[in-house]
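Trainee: This is the structure I want to talk about, given as structure tokens.
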Amino acid sequence: MESQGFKIWRNPASGAEGPTYMGEFCPPKGRPCLYASDLSALGFAPGCYTVRVPDSFRDLYLLPPWQRVDVR
Amino acid sequence: MTDWDALQPRHQRYESEAIEWGISTNERFELEALCRSNLKPLEKFDDDDWVDLAFRTGVAEFLTENGLGKKAERYPFCSRQAFLLRCKGNDRHEFFSPSYCDLRFCKICGKRQFARLFAKHFPVLEFIQKNPRRGFRLRKITLTSRNKGTLEHEDITDFIAAVKETLNILMEGVEGWGAIAVLEVAFNNWNLHAHILAWCPYIEQKHLAEVWRSVSGHKVVWISEERISGRKALLYMLKYVSKPPSDKPEMIGQLEVAFHKTRRVHCYGLFYNFSGNETDGENSKWMECPKCGAELKRVKGLQYVYQMRRRGVQFIGDCRTERKSKQWVN
């Protein structure tokens, strides 16, 4: 069964090999996606992150499969 | 020019990372394309962008599964990466030149192949126009095969051999004939056939069908005299090279596998090597700085286009003011 969390990767810096997997997180209850403030609250450093939206959220809220979050 | 050999075989790493992170290989390719996205930010993606991304990563996954990992790495990133070119002049001008995947069924590279092939084969048609021969005409021939529901590499090579043998039988004893054949499948269909533009004397349809059946075992053929100019006929023929024949990633992947190390366009007789050795590759290299004329050197390795644009590096194609014969093909 597919996990219900949002998988998050930190985008690679220039010249880096690839993205860094940060883990799986869920947005606060009732929220369809993760915001930059959510990631800040989770302790993510400033930077650009790519987030995979789980199927259940895609179907329910008609979201695209990926989102990008900029933490400033 | 594309120097893909300099790249690491990343597809193996992608596969193991996909398992480790609990996503599909397809999604791993998508992630790679998105986390290093081109100029268009993810937030501005429209439906077409999502469709294109899903399509390219789907093809890449198929190619990976079928042992064409290097091609799988190139396909999703076609023209997103580039080489840095730096001049040896005092100002050290910098430009970027995109790196293309050069896959046969890529919708970006298909158009480039079309331009390259047209430039290569047009001179023979000019020659024909200036040197008419009694009884000789440009004729369009179509040779078809049975639809098997799929295509393997052997089907392609057998078909090419049959086309060659058929033309050789039909033209036995004829001097000065020539032909160019383009292999094609119908859209979302595995019906392999060849469109041939032949410069030859009259061939009876019945005789053509008999020879084709005896050589290949297939039945359907079609022949007509070409009433439009050779230029238009060549454009018509080569248009098949410029368009992907499917909107299904698995089919494009299977076609890439089937056509691996095999040409789609073949020349015979007068048309064979008419323009001499191919110089497209040489002429498409930028040897001089378009700003100061100093020698231009390629910096080793690939970089992402969006990163170079951010640094203010200019696309070298924008500096092209005048296109000379053959040099217009990048």
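By order of appearance in the structure tokens: chains A, B, ..., then residues from 1 within every chain, and ligands from 1 in the order shown.
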Tell me, counting only C-alpha atoms, for each residue of chain A within 12 Å of chain B, which pair of atoms is nearest and how far apart they are in Å to one decimal, in rows ordered by chain and increasing number, as JSON lines.

Mentor:
```
{"residue": "A:Met1", "atom": "CA", "partner": "B:Gly22", "partner_atom": "CA", "distance": 10.9}
{"residue": "A:Glu2", "atom": "CA", "partner": "B:Gly22", "partner_atom": "CA", "distance": 8.8}
{"residue": "A:Ser3", "atom": "CA", "partner": "B:Gly22", "partner_atom": "CA", "distance": 8.7}
{"residue": "A:Gln4", "atom": "CA", "partner": "B:Gly22", "partner_atom": "CA", "distance": 11.8}
{"residue": "A:Gly5", "atom": "CA", "partner": "B:Gly22", "partner_atom": "CA", "distance": 11.4}
{"residue": "A:Phe6", "atom": "CA", "partner": "B:Ile23", "partner_atom": "CA", "distance": 11.5}
{"residue": "A:Lys7", "atom": "CA", "partner": "B:Trp21", "partner_atom": "CA", "distance": 8.5}
{"residue": "A:Ile8", "atom": "CA", "partner": "B:Trp21", "partner_atom": "CA", "distance": 10.0}
{"residue": "A:Trp9", "atom": "CA", "partner": "B:Cys35", "partner_atom": "CA", "distance": 8.4}
{"residue": "A:Arg10", "atom": "CA", "partner": "B:Cys35", "partner_atom": "CA", "distance": 8.2}
{"residue": "A:Asn11", "atom": "CA", "partner": "B:Cys35", "partner_atom": "CA", "distance": 5.3}
{"residue": "A:Pro12", "atom": "CA", "partner": "B:Cys35", "partner_atom": "CA", "distance": 7.2}
{"residue": "A:Ala13", "atom": "CA", "partner": "B:Arg36", "partner_atom": "CA", "distance": 9.3}
{"residue": "A:Ser14", "atom": "CA", "partner": "B:Gln307", "partner_atom": "CA", "distance": 7.8}
{"residue": "A:Gly15", "atom": "CA", "partner": "B:Gln303", "partner_atom": "CA", "distance": 7.9}
{"residue": "A:Ala16", "atom": "CA", "partner": "B:Arg36", "partner_atom": "CA", "distance": 10.5}
{"residue": "A:Glu17", "atom": "CA", "partner": "B:Arg10", "partner_atom": "CA", "distance": 9.6}
{"residue": "A:Gly18", "atom": "CA", "partner": "B:Glu32", "partner_atom": "CA", "distance": 7.3}
{"residue": "A:Pro19", "atom": "CA", "partner": "B:Cys35", "partner_atom": "CA", "distance": 7.0}
{"residue": "A:Thr20", "atom": "CA", "partner": "B:Cys35", "partner_atom": "CA", "distance": 10.2}
{"residue": "A:Tyr21", "atom": "CA", "partner": "B:Trp21", "partner_atom": "CA", "distance": 7.5}
{"residue": "A:Met22", "atom": "CA", "partner": "B:Trp21", "partner_atom": "CA", "distance": 9.9}
{"residue": "A:Gly23", "atom": "CA", "partner": "B:Trp21", "partner_atom": "CA", "distance": 8.5}
{"residue": "A:Glu24", "atom": "CA", "partner": "B:Trp21", "partner_atom": "CA", "distance": 9.6}
{"residue": "A:Gly47", "atom": "CA", "partner": "B:Cys35", "partner_atom": "CA", "distance": 11.8}
{"residue": "A:Cys48", "atom": "CA", "partner": "B:Cys35", "partner_atom": "CA", "distance": 8.5}
{"residue": "A:Tyr49", "atom": "CA", "partner": "B:Cys35", "partner_atom": "CA", "distance": 7.7}
{"residue": "A:Thr50", "atom": "CA", "partner": "B:Cys35", "partner_atom": "CA", "distance": 6.2}
{"residue": "A:Val51", "atom": "CA", "partner": "B:Leu31", "partner_atom": "CA", "distance": 9.0}
{"residue": "A:Arg52", "atom": "CA", "partner": "B:Leu31", "partner_atom": "CA", "distance": 8.5}
{"residue": "A:Val53", "atom": "CA", "partner": "B:Glu27", "partner_atom": "CA", "distance": 11.4}
{"residue": "A:Pro54", "atom": "CA", "partner": "B:Ile23", "partner_atom": "CA", "distance": 10.5}
{"residue": "A:Asp55", "atom": "CA", "partner": "B:Ile23", "partner_atom": "CA", "distance": 11.8}
{"residue": "A:Leu63", "atom": "CA", "partner": "B:Glu43", "partner_atom": "CA", "distance": 11.7}
{"residue": "A:Pro64", "atom": "CA", "partner": "B:Trp50", "partner_atom": "CA", "distance": 8.2}
{"residue": "A:Pro65", "atom": "CA", "partner": "B:Trp50", "partner_atom": "CA", "distance": 8.9}
{"residue": "A:Trp66", "atom": "CA", "partner": "B:Leu42", "partner_atom": "CA", "distance": 8.1}
{"residue": "A:Gln67", "atom": "CA", "partner": "B:Leu42", "partner_atom": "CA", "distance": 6.9}
{"residue": "A:Arg68", "atom": "CA", "partner": "B:Leu42", "partner_atom": "CA", "distance": 6.4}
{"residue": "A:Val69", "atom": "CA", "partner": "B:Glu43", "partner_atom": "CA", "distance": 9.4}
{"residue": "A:Asp70", "atom": "CA", "partner": "B:Glu43", "partner_atom": "CA", "distance": 11.0}
```

Trainee: Can you list every residue in stretch 7-216 of chain B that DSSP puts in alpha helix (DSSP H), as a PyMOL selection string?

Mentor: chain B and resi 10-21+25-35+47-65+69-74+107-130+153-170+205-216

Trainee: Go through B:Tyr306, B:Phe105, B:Arg92, B:Lys219 one by one, measure the shortest atom-to-atom distance of each to B:Asn147 using only C-alpha atoms, and give the residue with the smallest value.

Mentor: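 With only C-alpha atoms as the atom set, the closest residue is B:Lys219.
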
Trainee: Between B:Ala186, B:Val305, B:Ile141, B:Val313, single out the one closest to B:Cys78, counting only C-alpha atoms.

Mentor: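 For B:Cys78, the nearest of the candidates is B:Val305.
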
Trainee: Which is closer to B:Asn131 than all the others in B:Tyr100, B:Gly176, B:Gly67, B:Gln314, using only C-alpha atoms?

Mentor: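 Counting only C-alpha atoms, the residue closest to B:Asn131 is B:Gly176.
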
Trainee: For atom CA of B:Phe259 and atom CA of B:Val220, quote the distance in Å rounded to one decimal.

Mentor: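 Here the two named atoms are 22.5 Å from each other.
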
Trainee: Please, what distance in Å, to one decimal, runs between atom CA of B:Gly293 and atom CA of B:Arg86?

Mentor: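 Atom CA of B:Arg86 lies at a distance of 11.7 Å from atom CA of B:Gly293.
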
Trainee: Show me, as a ChimeraX atom specification, the residues that have an atom within 8 Å of stretch 229-242 of chain B when counting only C-alpha atoms, minus same-chain residues fewer than 2 positions from it.

Mentor: /B:104-105,107,109-114,117-118,122,125-126,129,138,182,184,195-197,226-227,244,264

Trainee: In chain A, what's strand (DSSP E or B) per DSSP? Answer as a list in words?

Mentor: Phe6, Lys7, Ile8, Trp9, Arg10, Thr20, Tyr21, Met22, Gly23, Glu24, Phe25, Gly47, Cys48, Tyr49, Thr50, Val51, Arg52, Trp66, Gln67, Arg68, Val69, Asp70 and Val71 of chain A

Trainee: Put those residues in a file: N, CA and C atoms, as a PDB file, in the first residue's frame.

Mentor:
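Just written: selection_26.pdb:
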```pdb
ATOM      1  N   PHE A   6       4.062  12.984   2.446  1.00  0.00           N
ATOM      2  CA  PHE A   6       4.698  13.740   1.366  1.00  0.00           C
ATOM      3  C   PHE A   6       6.211  13.509   1.461  1.00  0.00           C
ATOM      4  N   LYS A   7       6.778  12.904   0.445  1.00  0.00           N
ATOM      5  CA  LYS A   7       8.231  12.673   0.449  1.00  0.00           C
ATOM      6  C   LYS A   7       8.919  13.956  -0.003  1.00  0.00           C
ATOM      7  N   ILE A   8       9.991  14.299   0.690  1.00  0.00           N
ATOM      8  CA  ILE A   8      10.645  15.580   0.412  1.00  0.00           C
ATOM      9  C   ILE A   8      12.132  15.378   0.095  1.00  0.00           C
ATOM     10  N   TRP A   9      12.589  16.067  -0.946  1.00  0.00           N
ATOM     11  CA  TRP A   9      14.010  16.052  -1.312  1.00  0.00           C
ATOM     12  C   TRP A   9      14.542  17.482  -1.353  1.00  0.00           C
ATOM     13  N   ARG A  10      15.728  17.646  -0.863  1.00  0.00           N
ATOM     14  CA  ARG A  10      16.371  18.956  -1.005  1.00  0.00           C
ATOM     15  C   ARG A  10      17.017  19.006  -2.387  1.00  0.00           C
ATOM     16  N   THR A  20      18.797  15.281  -2.155  1.00  0.00           N
ATOM     17  CA  THR A  20      18.984  14.602  -0.870  1.00  0.00           C
ATOM     18  C   THR A  20      17.618  14.301  -0.265  1.00  0.00           C
ATOM     19  N   TYR A  21      17.398  13.035   0.038  1.00  0.00           N
ATOM     20  CA  TYR A  21      16.095  12.658   0.600  1.00  0.00           C
ATOM     21  C   TYR A  21      16.013  13.122   2.050  1.00  0.00           C
ATOM     22  N   MET A  22      14.934  13.850   2.363  1.00  0.00           N
ATOM     23  CA  MET A  22      14.803  14.419   3.709  1.00  0.00           C
ATOM     24  C   MET A  22      13.845  13.614   4.583  1.00  0.00           C
ATOM     25  N   GLY A  23      12.985  12.817   3.965  1.00  0.00           N
ATOM     26  CA  GLY A  23      12.035  12.022   4.748  1.00  0.00           C
ATOM     27  C   GLY A  23      10.620  12.242   4.279  1.00  0.00           C
ATOM     28  N   GLU A  24       9.693  11.718   5.073  1.00  0.00           N
ATOM     29  CA  GLU A  24       8.282  11.745   4.702  1.00  0.00           C
ATOM     30  C   GLU A  24       7.496  12.510   5.765  1.00  0.00           C
ATOM     31  N   PHE A  25       6.700  13.454   5.337  1.00  0.00           N
ATOM     32  CA  PHE A  25       5.980  14.307   6.288  1.00  0.00           C
ATOM     33  C   PHE A  25       4.542  14.500   5.815  1.00  0.00           C
ATOM     34  N   GLY A  47      16.279  26.907   1.500  1.00  0.00           N
ATOM     35  CA  GLY A  47      16.683  26.249   0.258  1.00  0.00           C
ATOM     36  C   GLY A  47      15.462  25.816  -0.523  1.00  0.00           C
ATOM     37  N   CYS A  48      15.707  25.128  -1.587  1.00  0.00           N
ATOM     38  CA  CYS A  48      14.632  24.703  -2.470  1.00  0.00           C
ATOM     39  C   CYS A  48      14.393  23.196  -2.318  1.00  0.00           C
ATOM     40  N   TYR A  49      13.141  22.815  -2.166  1.00  0.00           N
ATOM     41  CA  TYR A  49      12.807  21.412  -1.951  1.00  0.00           C
ATOM     42  C   TYR A  49      11.769  20.941  -2.982  1.00  0.00           C
ATOM     43  N   THR A  50      11.891  19.685  -3.382  1.00  0.00           N
ATOM     44  CA  THR A  50      10.892  19.090  -4.277  1.00  0.00           C
ATOM     45  C   THR A  50      10.085  18.069  -3.469  1.00  0.00           C
ATOM     46  N   VAL A  51       8.786  18.166  -3.587  1.00  0.00           N
ATOM     47  CA  VAL A  51       7.900  17.353  -2.751  1.00  0.00           C
ATOM     48  C   VAL A  51       7.025  16.474  -3.641  1.00  0.00           C
ATOM     49  N   ARG A  52       6.965  15.200  -3.302  1.00  0.00           N
ATOM     50  CA  ARG A  52       6.088  14.290  -4.049  1.00  0.00           C
ATOM     51  C   ARG A  52       4.754  14.197  -3.315  1.00  0.00           C
ATOM     52  N   TRP A  66       3.861  16.653  -8.239  1.00  0.00           N
ATOM     53  CA  TRP A  66       5.030  17.212  -7.548  1.00  0.00           C
ATOM     54  C   TRP A  66       4.782  18.668  -7.203  1.00  0.00           C
ATOM     55  N   GLN A  67       5.413  19.133  -6.156  1.00  0.00           N
ATOM     56  CA  GLN A  67       5.386  20.561  -5.864  1.00  0.00           C
ATOM     57  C   GLN A  67       6.791  21.003  -5.450  1.00  0.00           C
ATOM     58  N   ARG A  68       7.039  22.274  -5.614  1.00  0.00           N
ATOM     59  CA  ARG A  68       8.338  22.809  -5.182  1.00  0.00           C
ATOM     60  C   ARG A  68       8.096  23.805  -4.050  1.00  0.00           C
ATOM     61  N   VAL A  69       8.893  23.687  -3.021  1.00  0.00           N
ATOM     62  CA  VAL A  69       8.739  24.585  -1.872  1.00  0.00           C
ATOM     63  C   VAL A  69      10.057  25.305  -1.629  1.00  0.00           C
ATOM     64  N   ASP A  70       9.965  26.621  -1.578  1.00  0.00           N
ATOM     65  CA  ASP A  70      11.150  27.434  -1.302  1.00  0.00           C
ATOM     66  C   ASP A  70      11.132  27.865   0.162  1.00  0.00           C
ATOM     67  N   VAL A  71      12.070  27.401   0.927  1.00  0.00           N
ATOM     68  CA  VAL A  71      12.166  27.831   2.328  1.00  0.00           C
ATOM     69  C   VAL A  71      13.178  28.965   2.394  1.00  0.00           C
TER      70      VAL A  71
END
```
